[in-house]
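Novice: Sharing my_file.pdb here; it has PDB, C-alpha atoms.
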ATOM      1  CA  MET A   1      83.632 -57.525 -40.827  1.00  0.00           C
ATOM      2  CA  THR A   2      85.162 -59.460 -37.922  1.00  0.00           C
ATOM      3  CA  LEU A   3      83.822 -61.214 -34.842  1.00  0.00           C
ATOM      4  CA  ALA A   4      83.600 -58.625 -32.053  1.00  0.00           C
ATOM      5  CA  ASP A   5      84.306 -60.515 -28.810  1.00  0.00           C
ATOM      6  CA  SER A   6      86.784 -58.652 -26.558  1.00  0.00           C
ATOM      7  CA  PRO A   7      86.095 -55.851 -24.042  1.00  0.00           C
ATOM      8  CA  PRO A   8      87.163 -52.364 -25.165  1.00  0.00           C
ATOM      9  CA  PRO A   9      90.031 -50.358 -23.710  1.00  0.00           C
ATOM     10  CA  GLN A  10      89.189 -47.454 -21.439  1.00  0.00           C
ATOM     11  CA  LEU A  11      88.311 -44.133 -23.014  1.00  0.00           C
ATOM     12  CA  GLU A  12      91.035 -41.574 -23.510  1.00  0.00           C
ATOM     13  CA  ILE A  13      89.438 -38.639 -21.743  1.00  0.00           C
ATOM     14  CA  ASP A  14      91.617 -36.018 -23.405  1.00  0.00           C
ATOM     15  CA  GLY A  15      91.192 -37.252 -26.967  1.00  0.00           C
ATOM     16  CA  ASP A  16      88.054 -39.344 -27.486  1.00  0.00           C
ATOM     17  CA  ALA A  17      84.555 -38.393 -28.591  1.00  0.00           C
ATOM     18  CA  LEU A  18      81.851 -40.784 -27.400  1.00  0.00           C
ATOM     19  CA  PHE A  19      78.704 -41.672 -29.372  1.00  0.00           C
ATOM     20  CA  LEU A  20      76.130 -43.830 -27.572  1.00  0.00           C
ATOM     21  CA  ASP A  21      73.084 -45.673 -28.854  1.00  0.00           C
ATOM     22  CA  PHE A  22      70.115 -45.661 -26.450  1.00  0.00           C
ATOM     23  CA  ASP A  23      67.792 -48.707 -26.648  1.00  0.00           C
ATOM     24  CA  GLY A  24      69.705 -51.927 -26.032  1.00  0.00           C
ATOM     25  CA  THR A  25      72.833 -49.980 -25.085  1.00  0.00           C
ATOM     26  CA  LEU A  26      72.026 -47.494 -22.316  1.00  0.00           C
ATOM     27  CA  VAL A  27      68.661 -49.055 -21.406  1.00  0.00           C
ATOM     28  CA  ALA A  28      67.401 -52.612 -21.760  1.00  0.00           C
ATOM     29  CA  LEU A  29      65.029 -53.348 -24.610  1.00  0.00           C
ATOM     30  CA  ALA A  30      61.344 -53.501 -23.672  1.00  0.00           C
ATOM     31  CA  ASP A  31      58.175 -54.865 -25.238  1.00  0.00           C
ATOM     32  CA  THR A  32      57.248 -51.395 -26.498  1.00  0.00           C
ATOM     33  CA  PRO A  33      59.313 -48.188 -26.802  1.00  0.00           C
ATOM     34  CA  GLY A  34      57.346 -46.600 -23.961  1.00  0.00           C
ATOM     35  CA  ASP A  35      57.956 -49.475 -21.537  1.00  0.00           C
ATOM     36  CA  ILE A  36      61.679 -48.916 -21.072  1.00  0.00           C
ATOM     37  CA  SER A  37      63.112 -48.325 -17.602  1.00  0.00           C
ATOM     38  CA  VAL A  38      65.822 -45.663 -17.314  1.00  0.00           C
ATOM     39  CA  PRO A  39      68.155 -46.293 -14.350  1.00  0.00           C
ATOM     40  CA  SER A  40      67.978 -43.354 -11.954  1.00  0.00           C
ATOM     41  CA  GLN A  41      71.740 -42.841 -12.009  1.00  0.00           C
ATOM     42  CA  LEU A  42      72.082 -42.820 -15.811  1.00  0.00           C
ATOM     43  CA  PRO A  43      71.427 -39.101 -16.539  1.00  0.00           C
ATOM     44  CA  LYS A  44      73.954 -38.033 -13.882  1.00  0.00           C
ATOM     45  CA  LEU A  45      76.490 -40.550 -15.170  1.00  0.00           C
ATOM     46  CA  LEU A  46      76.177 -39.194 -18.707  1.00  0.00           C
ATOM     47  CA  GLY A  47      76.435 -35.633 -17.424  1.00  0.00           C
ATOM     48  CA  ARG A  48      79.647 -36.366 -15.524  1.00  0.00           C
ATOM     49  CA  LEU A  49      81.139 -38.151 -18.482  1.00  0.00           C
ATOM     50  CA  ALA A  50      80.194 -35.383 -20.910  1.00  0.00           C
ATOM     51  CA  ALA A  51      81.877 -32.856 -18.613  1.00  0.00           C
ATOM     52  CA  ARG A  52      85.058 -34.948 -18.410  1.00  0.00           C
ATOM     53  CA  LEU A  53      85.099 -35.259 -22.216  1.00  0.00           C
ATOM     54  CA  GLY A  54      84.705 -31.527 -22.700  1.00  0.00           C
ATOM     55  CA  GLY A  55      81.235 -31.955 -24.197  1.00  0.00           C
ATOM     56  CA  ARG A  56      82.333 -34.632 -26.693  1.00  0.00           C
ATOM     57  CA  LEU A  57      79.427 -37.000 -25.945  1.00  0.00           C
ATOM     58  CA  ALA A  58      76.383 -37.532 -28.147  1.00  0.00           C
ATOM     59  CA  ILE A  59      73.419 -39.906 -28.196  1.00  0.00           C
ATOM     60  CA  LEU A  60      72.749 -41.567 -31.572  1.00  0.00           C
ATOM     61  CA  THR A  61      69.274 -43.091 -31.494  1.00  0.00           C
ATOM     62  CA  GLY A  62      66.497 -44.324 -33.703  1.00  0.00           C
ATOM     63  CA  ARG A  63      64.020 -42.492 -31.468  1.00  0.00           C
ATOM     64  CA  ALA A  64      62.903 -38.968 -32.171  1.00  0.00           C
ATOM     65  CA  LEU A  65      64.951 -36.527 -30.102  1.00  0.00           C
ATOM     66  CA  ALA A  66      61.844 -35.283 -28.269  1.00  0.00           C
ATOM     67  CA  ASP A  67      61.019 -38.873 -27.308  1.00  0.00           C
ATOM     68  CA  LEU A  68      64.592 -39.490 -26.150  1.00  0.00           C
ATOM     69  CA  ASP A  69      64.578 -36.325 -24.032  1.00  0.00           C
ATOM     70  CA  SER A  70      61.264 -37.284 -22.412  1.00  0.00           C
ATOM     71  CA  HIS A  71      62.866 -40.485 -21.087  1.00  0.00           C
ATOM     72  CA  LEU A  72      66.435 -39.404 -20.449  1.00  0.00           C
ATOM     73  CA  GLY A  73      66.229 -35.650 -19.846  1.00  0.00           C
ATOM     74  CA  CYS A  74      69.314 -35.084 -21.975  1.00  0.00           C
ATOM     75  CA  ALA A  75      68.505 -31.928 -23.944  1.00  0.00           C
ATOM     76  CA  ASP A  76      71.848 -30.514 -22.791  1.00  0.00           C
ATOM     77  CA  LEU A  77      73.690 -33.271 -24.687  1.00  0.00           C
ATOM     78  CA  ALA A  78      74.489 -33.361 -28.385  1.00  0.00           C
ATOM     79  CA  GLY A  79      72.708 -36.040 -30.336  1.00  0.00           C
ATOM     80  CA  ALA A  80      71.080 -37.419 -33.441  1.00  0.00           C
ATOM     81  CA  GLY A  81      67.552 -38.827 -33.574  1.00  0.00           C
ATOM     82  CA  SER A  82      65.549 -40.870 -36.073  1.00  0.00           C
ATOM     83  CA  HIS A  83      68.720 -42.658 -37.225  1.00  0.00           C
ATOM     84  CA  GLY A  84      70.363 -39.395 -38.261  1.00  0.00           C
ATOM     85  CA  LEU A  85      67.382 -37.515 -39.715  1.00  0.00           C
ATOM     86  CA  GLU A  86      67.387 -35.181 -36.691  1.00  0.00           C
ATOM     87  CA  LEU A  87      70.613 -33.520 -35.548  1.00  0.00           C
ATOM     88  CA  ARG A  88      71.446 -31.611 -32.378  1.00  0.00           C
ATOM     89  CA  PRO A  89      75.121 -30.617 -32.718  1.00  0.00           C
ATOM     90  CA  ALA A  90      74.888 -28.567 -29.523  1.00  0.00           C
ATOM     91  CA  PRO A  91      72.275 -27.783 -26.860  1.00  0.00           C
ATOM     92  CA  GLY A  92      69.557 -25.508 -28.205  1.00  0.00           C
ATOM     93  CA  THR A  93      70.195 -26.423 -31.852  1.00  0.00           C
ATOM     94  CA  ARG A  94      68.116 -28.765 -34.010  1.00  0.00           C
ATOM     95  CA  ARG A  95      68.205 -29.712 -37.667  1.00  0.00           C
ATOM     96  CA  VAL A  96      65.410 -31.905 -39.025  1.00  0.00           C
ATOM     97  CA  ALA A  97      65.030 -33.442 -42.460  1.00  0.00           C
ATOM     98  CA  PRO A  98      61.724 -32.367 -44.058  1.00  0.00           C
ATOM     99  CA  PRO A  99      58.969 -35.020 -44.067  1.00  0.00           C
ATOM    100  CA  PRO A 100      59.172 -36.943 -47.365  1.00  0.00           C
ATOM    101  CA  PRO A 101      56.193 -36.853 -49.762  1.00  0.00           C
ATOM    102  CA  GLY A 102      55.279 -40.508 -49.230  1.00  0.00           C
ATOM    103  CA  LEU A 103      55.280 -40.405 -45.434  1.00  0.00           C
ATOM    104  CA  ALA A 104      51.538 -39.868 -44.958  1.00  0.00           C
ATOM    105  CA  ALA A 105      50.714 -42.856 -47.179  1.00  0.00           C
ATOM    106  CA  ALA A 106      53.269 -45.003 -45.363  1.00  0.00           C
ATOM    107  CA  ARG A 107      51.843 -44.065 -41.960  1.00  0.00           C
ATOM    108  CA  ALA A 108      48.336 -44.933 -43.136  1.00  0.00           C
ATOM    109  CA  ALA A 109      49.405 -48.325 -44.502  1.00  0.00           C
ATOM    110  CA  LEU A 110      51.299 -49.315 -41.344  1.00  0.00           C
ATOM    111  CA  ALA A 111      48.478 -48.068 -39.096  1.00  0.00           C
ATOM    112  CA  ALA A 112      45.905 -50.147 -41.006  1.00  0.00           C
ATOM    113  CA  PHE A 113      48.094 -53.252 -40.736  1.00  0.00           C
ATOM    114  CA  ALA A 114      48.686 -52.722 -37.003  1.00  0.00           C
ATOM    115  CA  ALA A 115      44.985 -52.153 -36.299  1.00  0.00           C
ATOM    116  CA  ALA A 116      44.135 -55.562 -37.727  1.00  0.00           C
ATOM    117  CA  ALA A 117      46.452 -57.546 -35.430  1.00  0.00           C
ATOM    118  CA  PRO A 118      47.041 -57.316 -31.660  1.00  0.00           C
ATOM    119  CA  GLY A 119      50.600 -56.717 -30.492  1.00  0.00           C
ATOM    120  CA  LEU A 120      51.678 -54.479 -33.366  1.00  0.00           C
ATOM    121  CA  LEU A 121      52.664 -50.880 -32.602  1.00  0.00           C
ATOM    122  CA  VAL A 122      53.220 -47.936 -34.959  1.00  0.00           C
ATOM    123  CA  GLU A 123      55.720 -45.264 -33.886  1.00  0.00           C
ATOM    124  CA  ASP A 124      55.552 -41.907 -35.652  1.00  0.00           C
ATOM    125  CA  LYS A 125      58.743 -39.913 -36.128  1.00  0.00           C
ATOM    126  CA  PRO A 126      59.369 -36.450 -37.606  1.00  0.00           C
ATOM    127  CA  ALA A 127      60.526 -37.862 -40.949  1.00  0.00           C
ATOM    128  CA  GLY A 128      59.647 -41.540 -40.769  1.00  0.00           C
ATOM    129  CA  VAL A 129      57.396 -44.209 -39.284  1.00  0.00           C
ATOM    130  CA  ALA A 130      58.261 -47.490 -37.555  1.00  0.00           C
ATOM    131  CA  LEU A 131      56.330 -50.722 -37.030  1.00  0.00           C
ATOM    132  CA  HIS A 132      57.220 -52.690 -33.878  1.00  0.00           C
ATOM    133  CA  TYR A 133      56.324 -56.380 -33.741  1.00  0.00           C
ATOM    134  CA  ARG A 134      58.135 -57.574 -30.584  1.00  0.00           C
ATOM    135  CA  LEU A 135      54.746 -58.532 -29.077  1.00  0.00           C
ATOM    136  CA  ALA A 136      53.642 -60.218 -32.320  1.00  0.00           C
ATOM    137  CA  PRO A 137      56.760 -62.048 -33.605  1.00  0.00           C
ATOM    138  CA  ALA A 138      54.652 -64.362 -35.759  1.00  0.00           C
ATOM    139  CA  ARG A 139      53.776 -61.337 -37.916  1.00  0.00           C
ATOM    140  CA  GLU A 140      57.413 -60.553 -38.768  1.00  0.00           C
ATOM    141  CA  THR A 141      57.318 -61.936 -42.318  1.00  0.00           C
ATOM    142  CA  GLU A 142      54.118 -60.029 -43.097  1.00  0.00           C
ATOM    143  CA  ALA A 143      55.451 -56.831 -41.525  1.00  0.00           C
ATOM    144  CA  LEU A 144      58.663 -56.917 -43.529  1.00  0.00           C
ATOM    145  CA  ALA A 145      56.813 -57.717 -46.750  1.00  0.00           C
ATOM    146  CA  LEU A 146      54.429 -54.831 -46.142  1.00  0.00           C
ATOM    147  CA  ALA A 147      57.333 -52.450 -45.517  1.00  0.00           C
ATOM    148  CA  ASP A 148      58.951 -53.530 -48.788  1.00  0.00           C
ATOM    149  CA  ARG A 149      55.706 -52.963 -50.721  1.00  0.00           C
ATOM    150  CA  VAL A 150      55.094 -49.555 -49.182  1.00  0.00           C
ATOM    151  CA  ALA A 151      58.692 -48.544 -49.823  1.00  0.00           C
ATOM    152  CA  ALA A 152      58.349 -49.486 -53.483  1.00  0.00           C
ATOM    153  CA  ARG A 153      55.202 -47.337 -53.794  1.00  0.00           C
ATOM    154  CA  THR A 154      56.430 -44.297 -51.872  1.00  0.00           C
ATOM    155  CA  GLY A 155      60.163 -44.158 -52.613  1.00  0.00           C
ATOM    156  CA  LEU A 156      60.984 -44.473 -48.910  1.00  0.00           C
ATOM    157  CA  ALA A 157      63.814 -46.658 -47.634  1.00  0.00           C
ATOM    158  CA  VAL A 158      63.406 -49.691 -45.370  1.00  0.00           C
ATOM    159  CA  GLN A 159      65.463 -49.739 -42.164  1.00  0.00           C
ATOM    160  CA  ARG A 160      65.327 -53.005 -40.228  1.00  0.00           C
ATOM    161  CA  GLY A 161      66.138 -53.333 -36.530  1.00  0.00           C
ATOM    162  CA  LYS A 162      65.488 -55.664 -33.608  1.00  0.00           C
ATOM    163  CA  MET A 163      61.800 -56.623 -33.967  1.00  0.00           C
ATOM    164  CA  VAL A 164      61.080 -53.354 -35.767  1.00  0.00           C
ATOM    165  CA  VAL A 165      61.019 -52.107 -39.341  1.00  0.00           C
ATOM    166  CA  GLU A 166      61.053 -48.445 -40.290  1.00  0.00           C
ATOM    167  CA  LEU A 167      60.183 -46.497 -43.422  1.00  0.00           C
ATOM    168  CA  ARG A 168      62.248 -43.341 -43.820  1.00  0.00           C
ATOM    169  CA  PRO A 169      63.798 -41.116 -46.489  1.00  0.00           C
ATOM    170  CA  PRO A 170      66.769 -42.710 -48.240  1.00  0.00           C
ATOM    171  CA  GLY A 171      70.111 -41.266 -47.293  1.00  0.00           C
ATOM    172  CA  ALA A 172      71.017 -40.206 -43.788  1.00  0.00           C
ATOM    173  CA  ASP A 173      71.952 -42.847 -41.216  1.00  0.00           C
ATOM    174  CA  LYS A 174      73.885 -42.938 -37.935  1.00  0.00           C
ATOM    175  CA  GLY A 175      77.172 -42.925 -39.829  1.00  0.00           C
ATOM    176  CA  ASP A 176      76.200 -39.743 -41.631  1.00  0.00           C
ATOM    177  CA  ALA A 177      75.177 -38.179 -38.307  1.00  0.00           C
ATOM    178  CA  LEU A 178      78.522 -39.073 -36.765  1.00  0.00           C
ATOM    179  CA  ARG A 179      80.428 -37.525 -39.662  1.00  0.00           C
ATOM    180  CA  VAL A 180      78.443 -34.281 -39.366  1.00  0.00           C
ATOM    181  CA  LEU A 181      79.019 -34.058 -35.619  1.00  0.00           C
ATOM    182  CA  MET A 182      82.711 -34.892 -35.981  1.00  0.00           C
ATOM    183  CA  ALA A 183      83.133 -31.898 -38.305  1.00  0.00           C
ATOM    184  CA  GLU A 184      81.924 -29.471 -35.625  1.00  0.00           C
ATOM    185  CA  PRO A 185      83.244 -28.354 -32.239  1.00  0.00           C
ATOM    186  CA  PRO A 186      83.800 -29.794 -29.707  1.00  0.00           C
ATOM    187  CA  PHE A 187      84.042 -33.101 -31.608  1.00  0.00           C
ATOM    188  CA  ALA A 188      86.393 -32.033 -34.423  1.00  0.00           C
ATOM    189  CA  GLY A 189      89.861 -33.549 -34.128  1.00  0.00           C
ATOM    190  CA  ALA A 190      88.874 -36.194 -31.568  1.00  0.00           C
ATOM    191  CA  ARG A 191      88.871 -39.975 -31.968  1.00  0.00           C
ATOM    192  CA  PRO A 192      85.267 -41.231 -32.369  1.00  0.00           C
ATOM    193  CA  VAL A 193      84.145 -44.162 -30.211  1.00  0.00           C
ATOM    194  CA  VAL A 194      80.684 -45.619 -30.909  1.00  0.00           C
ATOM    195  CA  VAL A 195      78.758 -47.987 -28.617  1.00  0.00           C
ATOM    196  CA  GLY A 196      75.648 -49.729 -29.960  1.00  0.00           C
ATOM    197  CA  ASP A 197      73.795 -53.020 -30.239  1.00  0.00           C
ATOM    198  CA  ASP A 198      71.722 -53.034 -33.428  1.00  0.00           C
ATOM    199  CA  LEU A 199      72.238 -53.315 -37.170  1.00  0.00           C
ATOM    200  CA  THR A 200      71.558 -49.578 -37.462  1.00  0.00           C
ATOM    201  CA  ASP A 201      74.703 -48.941 -35.403  1.00  0.00           C
ATOM    202  CA  GLU A 202      76.911 -50.665 -37.979  1.00  0.00           C
ATOM    203  CA  HIS A 203      76.850 -47.500 -40.127  1.00  0.00           C
ATOM    204  CA  ALA A 204      78.304 -45.563 -37.198  1.00  0.00           C
ATOM    205  CA  PHE A 205      80.871 -48.280 -36.423  1.00  0.00           C
ATOM    206  CA  ARG A 206      82.179 -48.051 -39.974  1.00  0.00           C
ATOM    207  CA  ALA A 207      82.200 -44.250 -39.951  1.00  0.00           C
ATOM    208  CA  ALA A 208      84.137 -44.208 -36.676  1.00  0.00           C
ATOM    209  CA  ALA A 209      86.724 -46.648 -37.991  1.00  0.00           C
ATOM    210  CA  ALA A 210      87.210 -44.563 -41.141  1.00  0.00           C
ATOM    211  CA  LEU A 211      87.933 -41.551 -38.912  1.00  0.00           C
ATOM    212  CA  GLY A 212      90.522 -43.402 -36.824  1.00  0.00           C
ATOM    213  CA  GLY A 213      88.193 -44.540 -34.049  1.00  0.00           C
ATOM    214  CA  PHE A 214      86.339 -47.750 -33.264  1.00  0.00           C
ATOM    215  CA  GLY A 215      83.005 -49.307 -32.436  1.00  0.00           C
ATOM    216  CA  VAL A 216      81.892 -51.306 -29.401  1.00  0.00           C
ATOM    217  CA  LEU A 217      79.164 -53.900 -29.964  1.00  0.00           C
ATOM    218  CA  VAL A 218      76.718 -54.545 -27.106  1.00  0.00           C
ATOM    219  CA  GLY A 219      75.314 -58.054 -26.816  1.00  0.00           C
ATOM    220  CA  ALA A 220      76.272 -61.502 -28.056  1.00  0.00           C
ATOM    221  CA  PRO A 221      79.335 -61.900 -30.318  1.00  0.00           C
ATOM    222  CA  ARG A 222      78.598 -61.561 -34.035  1.00  0.00           C
ATOM    223  CA  ASP A 223      80.242 -60.383 -37.208  1.00  0.00           C
ATOM    224  CA  SER A 224      80.419 -56.615 -36.918  1.00  0.00           C
ATOM    225  CA  ALA A 225      82.346 -53.540 -37.985  1.00  0.00           C
ATOM    226  CA  ALA A 226      82.902 -52.960 -34.250  1.00  0.00           C
ATOM    227  CA  ALA A 227      86.343 -53.826 -32.918  1.00  0.00           C
ATOM    228  CA  TRP A 228      85.276 -54.601 -29.331  1.00  0.00           C
ATOM    229  CA  ARG A 229      82.296 -55.906 -27.360  1.00  0.00           C
ATOM    230  CA  LEU A 230      80.456 -55.410 -24.081  1.00  0.00           C
ATOM    231  CA  ALA A 231      78.103 -58.150 -22.931  1.00  0.00           C
ATOM    232  CA  ASP A 232      75.031 -56.130 -21.979  1.00  0.00           C
ATOM    233  CA  VAL A 233      73.621 -52.830 -20.705  1.00  0.00           C
ATOM    234  CA  ASP A 234      75.086 -53.383 -17.228  1.00  0.00           C
ATOM    235  CA  ALA A 235      78.545 -53.858 -18.744  1.00  0.00           C
ATOM    236  CA  VAL A 236      78.119 -50.602 -20.686  1.00  0.00           C
ATOM    237  CA  HIS A 237      77.220 -48.728 -17.491  1.00  0.00           C
ATOM    238  CA  ALA A 238      80.245 -50.159 -15.687  1.00  0.00           C
ATOM    239  CA  TRP A 239      82.566 -49.177 -18.560  1.00  0.00           C
ATOM    240  CA  LEU A 240      81.149 -45.659 -18.656  1.00  0.00           C
ATOM    241  CA  ALA A 241      81.344 -45.300 -14.856  1.00  0.00           C
ATOM    242  CA  ALA A 242      85.021 -46.253 -14.905  1.00  0.00           C
ATOM    243  CA  ALA A 243      85.671 -43.400 -17.341  1.00  0.00           C
ATOM    244  CA  ALA A 244      83.462 -40.908 -15.489  1.00  0.00           C
TER
END
For this file, produce the structure as structure tokens.

Specialist:
Amino acid sequence: MTLADSPPPQLEIDGDALFLDFDGTLVALADTPGDISVPSQLPKLLGRLAARLGGRLAILTGRALADLDSHLGCADLAGAGSHGLELRPAPGTRRVAPPPPGLAAARAALAAFAAAAPGLLVEDKPAGVALHYRLAPARETEALALADRVAARTGLAVQRGKMVVELRPPGADKGDALRVLMAEPPFAGARPVVVGDDLTDEHAFRAAAALGGFGVLVGAPRDSAAAWRLADVDAVHAWLAAAA
């Protein structure tokens, strides 16, 4: 891990494959997942860039793909949702991990906790469940402890993020999703470039580096597997627009 603190080089249009996180990377973080604001020009920008890259552009997100599409309208782009548990290698295709046996119990436990305290929000996903506490930061310690207890009972894995904790099947992550996509056309043989802001993106940064590519961290400098950094969402848009 090194300190990511320099802006990335421009994309190589003829040889790069681009993998983009969504929240905190393409759109600014909001108090709740439904409160985000998608810039009007973003879908067209992504479409132009995908065309220039020969289709080698994918969204890697913690959101469910259906949720992502409802905000971005990007069903014609490749992608991975739920941190890699949903895969869309190409438009019209979808692979989803089966719901794990302990998911119903985990959803019930998180819902009961959220109902007892204002500001907590439960987000259901096809193969997992997330608890957001951005509006109740004082409950972070309790939320994380609850997630650990439920994980121990159900065999689910704990995935932490920015003011959110998720319970999900152990295994697949954004790095796994990137490796699957990179094995299929049109991504195969390209250099993977990953842009993301959260701890969940570190898996993809490492996977990209192992395949000869690199990661781009969004946000303040910190130790990261990413080689480069962009300051914020606006800087990401400017970097993408220069390539498009």

Novice: Select, from A:Gly15, A:Pro169, A:Gly55, A:Pro118, the residue with the minimum atom-to-atom distance to Ala157 in chain A, counting only C-alpha atoms.

Specialist: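 Residue with the minimum atom-to-atom distance to Ala157 in chain A: A:Pro169.
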
Novice: Where does the PyMOL selection byres ((chain A and resi 226-241) around 10) land in this file, that is, which residues does it pick, as a JSON list (two decimals) with C-alpha atoms, in the frame of the given file?

Specialist:
[["chain", "number", "residue", "atom", "x", "y", "z"],
["A", 1, "MET", "CA", 83.63, -57.52, -40.83],
["A", 2, "THR", "CA", 85.16, -59.46, -37.92],
["A", 3, "LEU", "CA", 83.82, -61.21, -34.84],
["A", 4, "ALA", "CA", 83.60, -58.62, -32.05],
["A", 5, "ASP", "CA", 84.31, -60.52, -28.81],
["A", 6, "SER", "CA", 86.78, -58.65, -26.56],
["A", 7, "PRO", "CA", 86.10, -55.85, -24.04],
["A", 8, "PRO", "CA", 87.16, -52.36, -25.16],
["A", 9, "PRO", "CA", 90.03, -50.36, -23.71],
["A", 10, "GLN", "CA", 89.19, -47.45, -21.44],
["A", 11, "LEU", "CA", 88.31, -44.13, -23.01],
["A", 20, "LEU", "CA", 76.13, -43.83, -27.57],
["A", 22, "PHE", "CA", 70.11, -45.66, -26.45],
["A", 23, "ASP", "CA", 67.79, -48.71, -26.65],
["A", 24, "GLY", "CA", 69.70, -51.93, -26.03],
["A", 25, "THR", "CA", 72.83, -49.98, -25.08],
["A", 26, "LEU", "CA", 72.03, -47.49, -22.32],
["A", 27, "VAL", "CA", 68.66, -49.06, -21.41],
["A", 28, "ALA", "CA", 67.40, -52.61, -21.76],
["A", 29, "LEU", "CA", 65.03, -53.35, -24.61],
["A", 39, "PRO", "CA", 68.16, -46.29, -14.35],
["A", 41, "GLN", "CA", 71.74, -42.84, -12.01],
["A", 42, "LEU", "CA", 72.08, -42.82, -15.81],
["A", 45, "LEU", "CA", 76.49, -40.55, -15.17],
["A", 46, "LEU", "CA", 76.18, -39.19, -18.71],
["A", 48, "ARG", "CA", 79.65, -36.37, -15.52],
["A", 49, "LEU", "CA", 81.14, -38.15, -18.48],
["A", 193, "VAL", "CA", 84.14, -44.16, -30.21],
["A", 194, "VAL", "CA", 80.68, -45.62, -30.91],
["A", 195, "VAL", "CA", 78.76, -47.99, -28.62],
["A", 196, "GLY", "CA", 75.65, -49.73, -29.96],
["A", 197, "ASP", "CA", 73.80, -53.02, -30.24],
["A", 201, "ASP", "CA", 74.70, -48.94, -35.40],
["A", 202, "GLU", "CA", 76.91, -50.66, -37.98],
["A", 204, "ALA", "CA", 78.30, -45.56, -37.20],
["A", 205, "PHE", "CA", 80.87, -48.28, -36.42],
["A", 206, "ARG", "CA", 82.18, -48.05, -39.97],
["A", 208, "ALA", "CA", 84.14, -44.21, -36.68],
["A", 209, "ALA", "CA", 86.72, -46.65, -37.99],
["A", 213, "GLY", "CA", 88.19, -44.54, -34.05],
["A", 214, "PHE", "CA", 86.34, -47.75, -33.26],
["A", 215, "GLY", "CA", 83.00, -49.31, -32.44],
["A", 216, "VAL", "CA", 81.89, -51.31, -29.40],
["A", 217, "LEU", "CA", 79.16, -53.90, -29.96],
["A", 218, "VAL", "CA", 76.72, -54.54, -27.11],
["A", 219, "GLY", "CA", 75.31, -58.05, -26.82],
["A", 220, "ALA", "CA", 76.27, -61.50, -28.06],
["A", 221, "PRO", "CA", 79.33, -61.90, -30.32],
["A", 222, "ARG", "CA", 78.60, -61.56, -34.03],
["A", 223, "ASP", "CA", 80.24, -60.38, -37.21],
["A", 224, "SER", "CA", 80.42, -56.62, -36.92],
["A", 225, "ALA", "CA", 82.35, -53.54, -37.98],
["A", 242, "ALA", "CA", 85.02, -46.25, -14.90],
["A", 243, "ALA", "CA", 85.67, -43.40, -17.34],
["A", 244, "ALA", "CA", 83.46, -40.91, -15.49]]

Novice: Would you mind telling me which residue in A:Val158, A:Arg168, A:Glu140, A:Pro43 lies nearest to Gly102 in chain A when using all atoms listed in the file?

Specialist: A:Arg168

Novice: Care to translate the PyMOL selection byres ((chain A and resi 92) around 12) into actual residues of this file, as a PyMOL selection string?

Specialist: chain A and resi 74-79+87-91+93-95

Novice: With distances taken over only C-alpha atoms, which residue among A:Lys44, A:His132, A:Arg56, A:Arg153 lies nearest Glu12 in chain A?

Specialist: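 Distance minimum relative to Glu12 in chain A lands on A:Arg56.
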
Novice: So what do you get for CA of Phe19 in chain A versus CA of Leu156 in chain A, distance-wise?

Specialist: 26.5 Å

Novice: For a test of reading the model, state the distance in Å between CA of Ala80 in chain A and CA of Ala109 in chain A, rounded to one decimal.

Specialist: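 Taking CA of Ala80 in chain A and CA of Ala109 in chain A, their separation equals 26.7 Å.
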
Novice: Going by the chain IDs and residue numbers used in this file, which residues fall under the PyMOL selection byres ((chain A and resi 136) around 9)? Write them as a PyMOL selection string.

Specialist: chain A and resi 117-120+132-135+137-140

Novice: Could you add the missing atoms to range 68-77 of chain A, up to N, CA and C atoms, and return them as a PDB file, in the frame of the given file?

Specialist:
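Generated file (result01.pdb):
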ATOM      1  N   LEU A  68      63.401 -39.194 -26.949  1.00  0.00           N
ATOM      2  CA  LEU A  68      64.592 -39.490 -26.150  1.00  0.00           C
ATOM      3  C   LEU A  68      64.654 -38.583 -24.925  1.00  0.00           C
ATOM      4  N   ASP A  69      64.474 -37.283 -25.134  1.00  0.00           N
ATOM      5  CA  ASP A  69      64.578 -36.325 -24.032  1.00  0.00           C
ATOM      6  C   ASP A  69      63.513 -36.576 -22.976  1.00  0.00           C
ATOM      7  N   SER A  70      62.332 -37.040 -23.385  1.00  0.00           N
ATOM      8  CA  SER A  70      61.264 -37.284 -22.412  1.00  0.00           C
ATOM      9  C   SER A  70      61.618 -38.422 -21.471  1.00  0.00           C
ATOM     10  N   HIS A  71      62.451 -39.351 -21.921  1.00  0.00           N
ATOM     11  CA  HIS A  71      62.866 -40.485 -21.087  1.00  0.00           C
ATOM     12  C   HIS A  71      64.167 -40.211 -20.342  1.00  0.00           C
ATOM     13  N   LEU A  72      65.090 -39.539 -20.997  1.00  0.00           N
ATOM     14  CA  LEU A  72      66.435 -39.404 -20.449  1.00  0.00           C
ATOM     15  C   LEU A  72      66.714 -38.021 -19.872  1.00  0.00           C
ATOM     16  N   GLY A  73      65.964 -37.005 -20.320  1.00  0.00           N
ATOM     17  CA  GLY A  73      66.229 -35.650 -19.846  1.00  0.00           C
ATOM     18  C   GLY A  73      67.610 -35.169 -20.230  1.00  0.00           C
ATOM     19  N   CYS A  74      67.941 -35.335 -21.528  1.00  0.00           N
ATOM     20  CA  CYS A  74      69.314 -35.084 -21.975  1.00  0.00           C
ATOM     21  C   CYS A  74      69.397 -33.974 -23.004  1.00  0.00           C
ATOM     22  N   ALA A  75      68.498 -32.988 -22.938  1.00  0.00           N
ATOM     23  CA  ALA A  75      68.505 -31.928 -23.944  1.00  0.00           C
ATOM     24  C   ALA A  75      69.781 -31.099 -23.917  1.00  0.00           C
ATOM     25  N   ASP A  76      70.577 -31.231 -22.850  1.00  0.00           N
ATOM     26  CA  ASP A  76      71.848 -30.514 -22.791  1.00  0.00           C
ATOM     27  C   ASP A  76      72.994 -31.309 -23.407  1.00  0.00           C
ATOM     28  N   LEU A  77      72.686 -32.471 -23.992  1.00  0.00           N
ATOM     29  CA  LEU A  77      73.690 -33.271 -24.687  1.00  0.00           C
ATOM     30  C   LEU A  77      73.490 -33.172 -26.195  1.00  0.00           C
TER      31      LEU A  77
END
